[in-house]
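Engineer: One structure, pasted below without further comment.
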Amino acid sequence: MLISDPETKPQIIVFPQKKGKWAHLRQYYALYLILLMVATVTIWLGQQSINGYWLQTYHRASPLEPLNQFAAWRAGADVQNRLTSVYQQTLDGFQQYGERWQTNLQSSTTEKTPPPPVQATVAVASAASSAPSASAVATASEVGQPENQDGIQLQAGDKVLFAGDSIMQGIAPHLQKWLKSQYQVDSINLSKQSTGLAYPKLFDWPATIEQTFANDKNVKLLIILVGANDPWDFPDPATPKGVPYLKFQTPAWEKVYLERVNRIVQAADKAGAKIIWLGIPHMKRSVLNEQMNYLDKLLTTELHQTKSNVLWLNIRDLLSDGEKVYRDTIVLDGTPVKIRTPDGIHFTVRGQQFMADYIASYINVPNTSSGSLKTP
């Protein structure tokens, strides 16, 4: 209501309005609704991790699994995978920038220290160019290199398949770039985080690799690294409901696990393809490192010089300057280089490049304009 007075300025009088008895609760309902929506989206995106954790911890299917029949629900996993990929690429970019900045700073303030004398070095060809670029300070015997090994021959038109967990996810793109730019060799990168051989229900590597070989006859080399996600008890495939579970590090567990390993080997052999199977690197956490040491020995016994189509590469000691312990830094060209991330599992960008260089040194692509890589 507007009240006018000749001696005063006009004033506006606002009459208070009564609120309903539930009005004061609306803001709380809105907050609860927002929290519910955030929780739903979080579960929708993280369904793979939730399903894996539930299965590995409680030895039964996750309550979320029935929702997999709906395409809209499964789309959450696809979105999460794409977001993770973008995040990893962004993180790698920042790491690479930081490593270059640190290298430039060191080179401008200090002189390079000459490398310590060793009996023999492991020459590594660069995946960024056809010339060797780095050498790890470790002897051939210390890193367990295969004797009289000529590497893997690829021909024009051959393809390379990458398989494994998030560690391989970081290594594969470097090799893919090198193969394509230097030798026009196409590749398929199926590596996927949080995967292994222990739980094929979450992701079935043997079946995926078999299907890939069947779909593409040009795949003639498989490069694989698994194990970091496998130190779990898992269902017994010989029983209807998978119970009792097979205990990790028992003979029964080993038998089933190696059956899955050999299924991959046989799939490659049937397709006329070779395999470069990478050992498992040392891990920072002592418990995980002991588990990986067991798995690495198991795979070494099964694959090292026992399968005609498999080249087993022991990388544990290579990544520790020949020492049998975890190291996050090794000496390359006389300079200490950080190769592992703070989590003690994955590689820095420089570590990924080093691993790509090392693997590349075992691959020959003759009859190309760029020439062939040197082999150890």
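By convention in this document, the chains of the structure tokens carry letters A, B, ... by their order, each chain's residues are numbered from 1, and ligands are numbered from 1 in the order they are shown.
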Residues within 9 Å of region 339-352 of chain A, please, as a list in words. Count only C-alpha atoms; anything in the same chain fewer than 5 positions from it doesn't count.
Structural biologist: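 Near neighbours after the sequence-gap exclusion: Asp92, Gly93, Gln95, Gln96, Glu99, Ser166, Ile167, Met168, Gly170, Ile171, Ala172, His174, Ala228, Pro281, His282, Met283, Lys284, Arg285, Leu319, Tyr326, Arg327, Asp328, Thr329, Ile330 and Asp357 of chain A.
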Engineer: Using only C-alpha atoms, pick whichever of A:Asp158, A:Phe354, A:Asn229, A:Asp236 has the shortest atom-to-atom distance to Leu288 (chain A).
Structural biologist: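 With only C-alpha atoms as the atom set, the closest residue is A:Asn229.
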Engineer: Extract the full set of alpha helix (DSSP H) residues from region 193-334 of chain A according to DSSP on the backbone, and format it as a PyMOL selection string.
Structural biologist: chain A and resi 205-215+251-270+286-303
Engineer: For the selection you just gave me, I'd like the residues written to a file as an mmCIF file, in the first residue's frame, keeping C-alpha atoms.
Structural biologist:
data_model
loop_
_atom_site.group_PDB
_atom_site.id
_atom_site.type_symbol
_atom_site.label_atom_id
_atom_site.label_comp_id
_atom_site.auth_asym_id
_atom_site.auth_seq_id
_atom_site.Cartn_x
_atom_site.Cartn_y
_atom_site.Cartn_z
ATOM 1 C CA TRP A 205 40.426 -61.465 -21.291
ATOM 2 C CA PRO A 206 40.747 -64.972 -22.800
ATOM 3 C CA ALA A 207 37.350 -64.672 -24.512
ATOM 4 C CA THR A 208 38.039 -61.083 -25.629
ATOM 5 C CA ILE A 209 41.399 -62.030 -27.132
ATOM 6 C CA GLU A 210 39.963 -65.109 -28.829
ATOM 7 C CA GLN A 211 37.200 -63.001 -30.350
ATOM 8 C CA THR A 212 39.658 -60.329 -31.516
ATOM 9 C CA PHE A 213 41.836 -62.899 -33.285
ATOM 10 C CA ALA A 214 38.734 -64.396 -34.896
ATOM 11 C CA ASN A 215 37.484 -60.997 -36.093
ATOM 12 C CA PRO A 251 47.681 -75.202 -6.086
ATOM 13 C CA ALA A 252 43.998 -75.231 -7.079
ATOM 14 C CA TRP A 253 44.072 -71.478 -7.652
ATOM 15 C CA GLU A 254 47.277 -71.743 -9.685
ATOM 16 C CA LYS A 255 45.803 -74.474 -11.889
ATOM 17 C CA VAL A 256 42.767 -72.414 -12.892
ATOM 18 C CA TYR A 257 44.767 -69.212 -13.302
ATOM 19 C CA LEU A 258 47.321 -70.870 -15.576
ATOM 20 C CA GLU A 259 44.522 -72.456 -17.599
ATOM 21 C CA ARG A 260 43.381 -68.924 -18.425
ATOM 22 C CA VAL A 261 46.947 -67.906 -19.267
ATOM 23 C CA ASN A 262 47.339 -70.859 -21.610
ATOM 24 C CA ARG A 263 43.979 -70.198 -23.203
ATOM 25 C CA ILE A 264 45.401 -66.858 -24.351
ATOM 26 C CA VAL A 265 48.596 -68.533 -25.554
ATOM 27 C CA GLN A 266 46.613 -71.109 -27.504
ATOM 28 C CA ALA A 267 44.383 -68.437 -29.065
ATOM 29 C CA ALA A 268 47.451 -66.627 -30.388
ATOM 30 C CA ASP A 269 49.042 -69.863 -31.583
ATOM 31 C CA LYS A 270 45.869 -70.838 -33.437
ATOM 32 C CA SER A 286 55.141 -54.504 0.631
ATOM 33 C CA VAL A 287 52.041 -56.728 0.772
ATOM 34 C CA LEU A 288 51.121 -56.056 -2.849
ATOM 35 C CA ASN A 289 54.746 -56.482 -3.895
ATOM 36 C CA GLU A 290 54.908 -59.922 -2.264
ATOM 37 C CA GLN A 291 51.714 -60.921 -4.066
ATOM 38 C CA MET A 292 53.091 -59.676 -7.389
ATOM 39 C CA ASN A 293 56.379 -61.460 -6.746
ATOM 40 C CA TYR A 294 54.444 -64.717 -6.391
ATOM 41 C CA LEU A 295 52.448 -64.095 -9.575
ATOM 42 C CA ASP A 296 55.521 -63.052 -11.527
ATOM 43 C CA LYS A 297 57.349 -66.251 -10.546
ATOM 44 C CA LEU A 298 54.276 -68.292 -11.472
ATOM 45 C CA LEU A 299 54.091 -66.691 -14.919
ATOM 46 C CA THR A 300 57.854 -66.928 -15.420
ATOM 47 C CA THR A 301 57.817 -70.667 -14.775
ATOM 48 C CA GLU A 302 54.892 -71.132 -17.135
ATOM 49 C CA LEU A 303 55.969 -68.853 -19.996
#
Engineer: If you run DSSP on this backbone, which residues of region 278-371 of chain A come out as strand (DSSP E), and could you give them as a ChimeraX atom specification?
Structural biologist: /A:278,310-313,329-332,335-338,363-364
